[in-house]
Each structure stands twice: as C-alpha cells, then as structure tokens.
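**Q** So I've got this file, coords_28.cif, and it contains mmCIF, N, CA and C atoms:
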data_my_file
#
loop_
_atom_site.label_atom_id
_atom_site.label_comp_id
_atom_site.auth_asym_id
_atom_site.auth_seq_id
_atom_site.Cartn_x
_atom_site.Cartn_y
_atom_site.Cartn_z
N MET A 1 4.59 31.25 -20.52
CA MET A 1 3.48 31.42 -19.61
C MET A 1 3.36 30.22 -18.67
N ILE A 2 3.46 29.00 -19.25
CA ILE A 2 3.36 27.80 -18.43
C ILE A 2 4.48 27.78 -17.39
N ASP A 3 5.70 28.16 -17.79
CA ASP A 3 6.81 28.17 -16.84
C ASP A 3 6.52 29.11 -15.68
N GLY A 4 5.91 30.25 -15.96
CA GLY A 4 5.55 31.19 -14.90
C GLY A 4 4.55 30.59 -13.94
N ILE A 5 3.58 29.87 -14.47
CA ILE A 5 2.58 29.21 -13.61
C ILE A 5 3.24 28.12 -12.79
N LEU A 6 4.13 27.34 -13.43
CA LEU A 6 4.81 26.26 -12.70
C LEU A 6 5.68 26.81 -11.57
N ASN A 7 6.20 28.02 -11.74
CA ASN A 7 7.00 28.62 -10.67
C ASN A 7 6.17 28.94 -9.43
N LEU A 8 4.86 29.04 -9.59
CA LEU A 8 3.99 29.28 -8.43
C LEU A 8 3.78 28.02 -7.60
N ALA A 9 3.99 26.87 -8.21
CA ALA A 9 3.76 25.60 -7.53
C ALA A 9 4.95 25.23 -6.66
N PRO A 10 4.71 24.48 -5.59
CA PRO A 10 5.83 23.99 -4.78
C PRO A 10 6.76 23.14 -5.63
N LYS A 11 8.01 23.07 -5.26
CA LYS A 11 9.01 22.35 -6.04
C LYS A 11 9.10 20.87 -5.68
N ASP A 12 8.35 20.42 -4.69
CA ASP A 12 8.53 19.06 -4.19
C ASP A 12 7.54 18.04 -4.76
N PHE A 13 6.97 18.31 -5.93
CA PHE A 13 6.06 17.34 -6.54
C PHE A 13 6.86 16.14 -7.02
N GLU A 14 6.38 14.98 -6.67
CA GLU A 14 7.04 13.76 -7.12
C GLU A 14 6.73 13.53 -8.59
N GLY A 15 7.60 12.87 -9.28
CA GLY A 15 7.40 12.56 -10.68
C GLY A 15 8.20 11.33 -11.05
N ILE A 16 8.36 11.12 -12.32
CA ILE A 16 9.02 9.90 -12.79
C ILE A 16 10.48 9.85 -12.37
N GLU A 17 11.17 10.99 -12.36
CA GLU A 17 12.58 10.98 -11.95
C GLU A 17 12.72 10.57 -10.47
N ALA A 18 11.85 11.09 -9.63
CA ALA A 18 11.88 10.72 -8.21
C ALA A 18 11.54 9.24 -8.04
N ALA A 19 10.60 8.74 -8.86
CA ALA A 19 10.22 7.33 -8.79
C ALA A 19 11.39 6.44 -9.23
N ARG A 20 12.08 6.85 -10.27
CA ARG A 20 13.25 6.08 -10.73
C ARG A 20 14.34 6.06 -9.67
N LYS A 21 14.57 7.21 -9.05
CA LYS A 21 15.59 7.28 -7.99
C LYS A 21 15.20 6.39 -6.82
N ALA A 22 13.93 6.36 -6.46
CA ALA A 22 13.48 5.51 -5.35
C ALA A 22 13.71 4.03 -5.66
N VAL A 23 13.45 3.62 -6.90
CA VAL A 23 13.69 2.23 -7.30
C VAL A 23 15.19 1.93 -7.23
N THR A 24 16.00 2.83 -7.76
CA THR A 24 17.45 2.64 -7.75
C THR A 24 17.97 2.53 -6.32
N ASP A 25 17.54 3.43 -5.46
CA ASP A 25 17.99 3.41 -4.06
C ASP A 25 17.55 2.13 -3.35
N ALA A 26 16.30 1.73 -3.56
CA ALA A 26 15.79 0.50 -2.93
C ALA A 26 16.54 -0.72 -3.45
N ALA A 27 16.84 -0.74 -4.75
CA ALA A 27 17.59 -1.86 -5.32
C ALA A 27 19.00 -1.93 -4.75
N LYS A 28 19.65 -0.79 -4.63
CA LYS A 28 21.00 -0.75 -4.04
C LYS A 28 20.99 -1.27 -2.61
N ASN A 29 20.01 -0.83 -1.82
CA ASN A 29 19.91 -1.29 -0.44
C ASN A 29 19.66 -2.79 -0.36
N THR A 30 18.83 -3.29 -1.25
CA THR A 30 18.52 -4.71 -1.27
C THR A 30 19.75 -5.54 -1.64
N VAL A 31 20.48 -5.11 -2.66
CA VAL A 31 21.69 -5.82 -3.08
C VAL A 31 22.75 -5.76 -1.98
N GLU A 32 22.90 -4.62 -1.36
CA GLU A 32 23.89 -4.48 -0.27
C GLU A 32 23.57 -5.43 0.88
N ALA A 33 22.30 -5.51 1.24
CA ALA A 33 21.89 -6.44 2.31
C ALA A 33 22.20 -7.88 1.92
N TRP A 34 21.94 -8.23 0.66
CA TRP A 34 22.20 -9.59 0.19
C TRP A 34 23.70 -9.89 0.24
N ARG A 35 24.51 -8.95 -0.20
CA ARG A 35 25.96 -9.16 -0.20
C ARG A 35 26.52 -9.26 1.21
N THR A 36 25.93 -8.55 2.13
CA THR A 36 26.42 -8.55 3.51
C THR A 36 25.97 -9.79 4.27
N ASP A 37 24.69 -10.12 4.18
CA ASP A 37 24.11 -11.19 5.01
C ASP A 37 23.63 -12.41 4.22
N GLU A 38 23.73 -12.36 2.91
CA GLU A 38 23.20 -13.41 2.04
C GLU A 38 21.71 -13.67 2.28
N GLN A 39 21.03 -12.64 2.69
CA GLN A 39 19.57 -12.65 2.82
C GLN A 39 19.07 -11.22 2.71
N VAL A 40 17.81 -11.09 2.40
CA VAL A 40 17.21 -9.76 2.25
C VAL A 40 16.08 -9.64 3.25
N PRO A 41 16.19 -8.70 4.18
CA PRO A 41 15.09 -8.50 5.13
C PRO A 41 13.80 -8.15 4.40
N GLU A 42 12.70 -8.62 4.93
CA GLU A 42 11.39 -8.42 4.29
C GLU A 42 11.10 -6.94 4.05
N GLY A 43 11.47 -6.09 4.97
CA GLY A 43 11.21 -4.66 4.82
C GLY A 43 11.86 -4.07 3.58
N LEU A 44 13.05 -4.56 3.25
CA LEU A 44 13.72 -4.05 2.04
C LEU A 44 12.99 -4.49 0.79
N LEU A 45 12.50 -5.72 0.79
CA LEU A 45 11.72 -6.17 -0.37
C LEU A 45 10.42 -5.39 -0.50
N ASP A 46 9.80 -5.08 0.64
CA ASP A 46 8.58 -4.27 0.62
C ASP A 46 8.87 -2.88 0.06
N ASP A 47 10.01 -2.29 0.47
CA ASP A 47 10.40 -0.96 -0.03
C ASP A 47 10.63 -1.01 -1.55
N LEU A 48 11.32 -2.06 -2.01
CA LEU A 48 11.59 -2.19 -3.43
C LEU A 48 10.30 -2.38 -4.22
N ALA A 49 9.41 -3.20 -3.71
CA ALA A 49 8.13 -3.43 -4.38
C ALA A 49 7.30 -2.14 -4.44
N ALA A 50 7.27 -1.38 -3.35
CA ALA A 50 6.52 -0.13 -3.32
C ALA A 50 7.11 0.89 -4.30
N ALA A 51 8.43 0.95 -4.35
CA ALA A 51 9.09 1.88 -5.28
C ALA A 51 8.80 1.48 -6.72
N ALA A 52 8.85 0.17 -7.01
CA ALA A 52 8.56 -0.30 -8.37
C ALA A 52 7.11 0.00 -8.74
N ASP A 53 6.19 -0.18 -7.79
CA ASP A 53 4.77 0.13 -8.06
C ASP A 53 4.58 1.61 -8.35
N ALA A 54 5.26 2.47 -7.58
CA ALA A 54 5.15 3.92 -7.79
C ALA A 54 5.71 4.30 -9.16
N LEU A 55 6.82 3.68 -9.55
CA LEU A 55 7.39 3.94 -10.88
C LEU A 55 6.44 3.50 -11.97
N ARG A 56 5.83 2.34 -11.80
CA ARG A 56 4.88 1.84 -12.80
C ARG A 56 3.72 2.83 -12.96
N LEU A 57 3.22 3.37 -11.85
CA LEU A 57 2.14 4.36 -11.94
C LEU A 57 2.57 5.60 -12.71
N GLU A 58 3.78 6.07 -12.44
CA GLU A 58 4.28 7.25 -13.15
C GLU A 58 4.44 6.96 -14.64
N GLU A 59 4.95 5.77 -14.98
CA GLU A 59 5.13 5.42 -16.38
C GLU A 59 3.80 5.31 -17.11
N ASN A 60 2.77 4.91 -16.40
CA ASN A 60 1.44 4.77 -17.01
C ASN A 60 0.66 6.08 -17.03
N ASN A 61 1.25 7.14 -16.50
CA ASN A 61 0.59 8.44 -16.43
C ASN A 61 1.53 9.52 -16.95
N PRO A 62 1.87 9.48 -18.26
CA PRO A 62 2.80 10.48 -18.80
C PRO A 62 2.28 11.90 -18.54
N GLY A 63 3.14 12.76 -18.08
CA GLY A 63 2.76 14.14 -17.82
C GLY A 63 2.05 14.35 -16.51
N GLY A 64 1.90 13.30 -15.71
CA GLY A 64 1.18 13.41 -14.45
C GLY A 64 1.77 14.43 -13.49
N GLN A 65 3.11 14.49 -13.45
CA GLN A 65 3.76 15.46 -12.56
C GLN A 65 3.40 16.88 -12.97
N ARG A 66 3.43 17.17 -14.27
CA ARG A 66 3.08 18.51 -14.74
C ARG A 66 1.63 18.85 -14.44
N VAL A 67 0.75 17.88 -14.59
CA VAL A 67 -0.67 18.11 -14.29
C VAL A 67 -0.83 18.44 -12.81
N ARG A 68 -0.13 17.70 -11.94
CA ARG A 68 -0.21 17.99 -10.50
C ARG A 68 0.38 19.36 -10.19
N GLN A 69 1.49 19.71 -10.87
CA GLN A 69 2.09 21.02 -10.65
C GLN A 69 1.15 22.14 -11.09
N LEU A 70 0.54 21.99 -12.26
CA LEU A 70 -0.39 23.01 -12.74
C LEU A 70 -1.66 23.06 -11.90
N GLY A 71 -2.08 21.91 -11.42
CA GLY A 71 -3.30 21.85 -10.61
C GLY A 71 -3.18 22.61 -9.31
N HIS A 72 -1.98 22.64 -8.73
CA HIS A 72 -1.80 23.31 -7.44
C HIS A 72 -2.11 24.81 -7.51
N PRO A 73 -1.47 25.59 -8.42
CA PRO A 73 -1.81 27.02 -8.45
C PRO A 73 -3.25 27.27 -8.88
N VAL A 74 -3.79 26.41 -9.77
CA VAL A 74 -5.19 26.57 -10.16
C VAL A 74 -6.08 26.43 -8.95
N GLN A 75 -5.81 25.41 -8.14
CA GLN A 75 -6.62 25.18 -6.94
C GLN A 75 -6.44 26.32 -5.94
N GLU A 76 -5.22 26.79 -5.78
CA GLU A 76 -4.97 27.88 -4.83
C GLU A 76 -5.68 29.17 -5.26
N LEU A 77 -5.67 29.45 -6.56
CA LEU A 77 -6.26 30.70 -7.05
C LEU A 77 -7.77 30.65 -7.17
N THR A 78 -8.31 29.47 -7.50
CA THR A 78 -9.74 29.38 -7.76
C THR A 78 -10.50 28.63 -6.67
N ARG A 79 -9.75 27.97 -5.78
CA ARG A 79 -10.34 27.10 -4.75
C ARG A 79 -11.11 25.94 -5.38
N GLN A 80 -10.75 25.60 -6.62
CA GLN A 80 -11.35 24.46 -7.32
C GLN A 80 -10.24 23.62 -7.93
N GLU A 81 -10.48 22.31 -8.01
CA GLU A 81 -9.53 21.43 -8.65
C GLU A 81 -9.73 21.50 -10.16
N MET A 82 -8.66 21.27 -10.92
CA MET A 82 -8.76 21.29 -12.37
C MET A 82 -9.70 20.19 -12.84
N GLY A 83 -10.63 20.54 -13.68
CA GLY A 83 -11.50 19.56 -14.31
C GLY A 83 -12.48 18.89 -13.38
N GLY A 84 -12.65 19.43 -12.21
CA GLY A 84 -13.54 18.76 -11.27
C GLY A 84 -14.53 19.70 -10.64
N VAL A 85 -15.38 19.13 -9.88
CA VAL A 85 -16.36 19.89 -9.11
C VAL A 85 -15.66 20.38 -7.85
N PRO A 86 -15.93 21.59 -7.37
CA PRO A 86 -15.30 22.06 -6.15
C PRO A 86 -15.47 21.06 -5.01
N ARG A 87 -14.43 20.93 -4.21
CA ARG A 87 -14.41 19.95 -3.13
C ARG A 87 -15.61 20.09 -2.20
N ALA A 88 -16.02 21.31 -1.87
CA ALA A 88 -17.14 21.51 -0.96
C ALA A 88 -18.44 20.97 -1.55
N VAL A 89 -18.65 21.17 -2.85
CA VAL A 89 -19.86 20.70 -3.50
C VAL A 89 -19.83 19.18 -3.64
N ARG A 90 -18.67 18.63 -3.99
CA ARG A 90 -18.52 17.21 -4.21
C ARG A 90 -18.84 16.43 -2.94
N GLY A 91 -18.51 16.97 -1.79
CA GLY A 91 -18.72 16.26 -0.53
C GLY A 91 -20.17 16.19 -0.10
N ARG A 92 -21.06 16.92 -0.74
CA ARG A 92 -22.46 16.95 -0.34
C ARG A 92 -23.23 15.71 -0.79
N GLY A 93 -22.78 15.02 -1.80
CA GLY A 93 -23.49 13.85 -2.34
C GLY A 93 -24.77 14.30 -3.01
N GLY A 94 -25.36 13.76 -3.89
CA GLY A 94 -26.57 14.29 -4.52
C GLY A 94 -26.23 15.19 -5.68
N GLY A 95 -27.20 15.77 -6.27
CA GLY A 95 -27.02 16.56 -7.49
C GLY A 95 -26.52 17.95 -7.24
N LEU A 96 -26.11 18.58 -8.32
CA LEU A 96 -25.64 19.96 -8.23
C LEU A 96 -26.77 20.92 -8.45
#
Go ahead and render the structure in this file as structure tokens.
**A**
Amino acid sequence: MIDGILNLAPKDFEGIEAARKAVTDAAKNTVEAWRTDEQVPEGLLDDLAAAADALRLEENNPGGQRVRQLGHPVQELTRQEMGGVPRAVRGRGGGL
C-alpha cells in the first residue's frame, strides 16, 4: 500500500543518497581545483560546505525523504499538510 502511495509522489525528492552524491561531487571538484591550481576558489569551498550541511541535516532526520514523499500525495488529495493545520488557516494568525 505504501509503495502505491509513493508512486503518486514526484520522483525528484531529495534524500540522503542525493546529499551524499552532492558532497562527493563537491569534494571531487575541490580536490581537482587544488591539484590544478594549488588553491581552492572560495565558491568551491562554499559548495562543499553547503553540501556537507545538507548531508548533516539528512543524517539527523532519518526517514525524512519518505515523510516528504508521503506528505506530497496527502497534501494533494486533502489540501492539508500531514500533521499540521491547513495552510489557509495557519496563515490567519490567532485561534482556530
């Protein structure tokens, strides 16, 4: 049943595997720049730091990708986010 629901969600949800790949790619680019120029442009270090931060968030949120995947069809079908107050009501401020 869960697999059927997950098939309703878009396939492009980021998760821990994508975060690991981003860190690996940023590290490769950083090392290549160092080997070529014996220096690392600031932008590459920023990319590596951002990728490492994103990976850390994924590692600290086990199952987060699945929750986001399940949340999408729930929101599409009910117009409400999982476990939350509907977006329209939440934006009003004040009590329910």
**Q** In Å, how far is it from atom CA of A:Gly43 to atom CA of A:Lys28?
**A**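 Distance reported for this atom pair: 13.8 Å.
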**Q** Tell me which of A:Thr78, A:Gln39, A:Thr30, A:Thr24 sits closest to A:Ala52, counting only N, CA and C atoms.
**A**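 Under the stated criterion, the closest residue is A:Thr24.
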**Q** Atom C of A:Ala22 and atom CA of A:Leu57, how far apart in Å?
**A**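 Between atom CA of A:Leu57 and atom C of A:Ala22 the gap is 13.2 Å.
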**Q** Taking the file above as input, evaluate the PyMOL selection byres ((chain A and resi 55) around 8) and report the hits as an NGL selection string.
**A** :A and (15-16 or 18-20 or 22-23 or 49-54 or 56-61)
**Q** Could you work out how far atom C of A:Leu48 lies from atom N of A:Glu17, giving the answer in Å with one decimal?
**A**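 Interatomic distance, atom N of A:Glu17 to atom C of A:Leu48: 15.7 Å.
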**Q** Would you list the residues near (13.8, -7.1, -0.7), meaning any protein, DNA or RNA residue with an atom at most 10 Å from that point in file coordinates, counting only C-alpha atoms, as a list in words?
**A**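 So the residues meeting the distance criterion are Ala26, Ala27, Asn29, Thr30, Val31, Ala33, Trp34, Gln39, Val40, Pro41, Glu42, Gly43, Leu44, Leu45, Asp46, Asp47, Leu48 and Ala49 of chain A.
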**Q** Would you compute the box with edges along x, y and z of the file around stretch 50-56 of chain A, including every atom the file lists for it and 6 Å extra on each side, and give its centre and edge lengths in Å to one decimal, as lines of an AutoDock Vina configuration file?
**A**
center_x = 6.4
center_y = 1.5
center_z = -8.1
size_x = 17.4
size_y = 17.7
size_z = 21.6
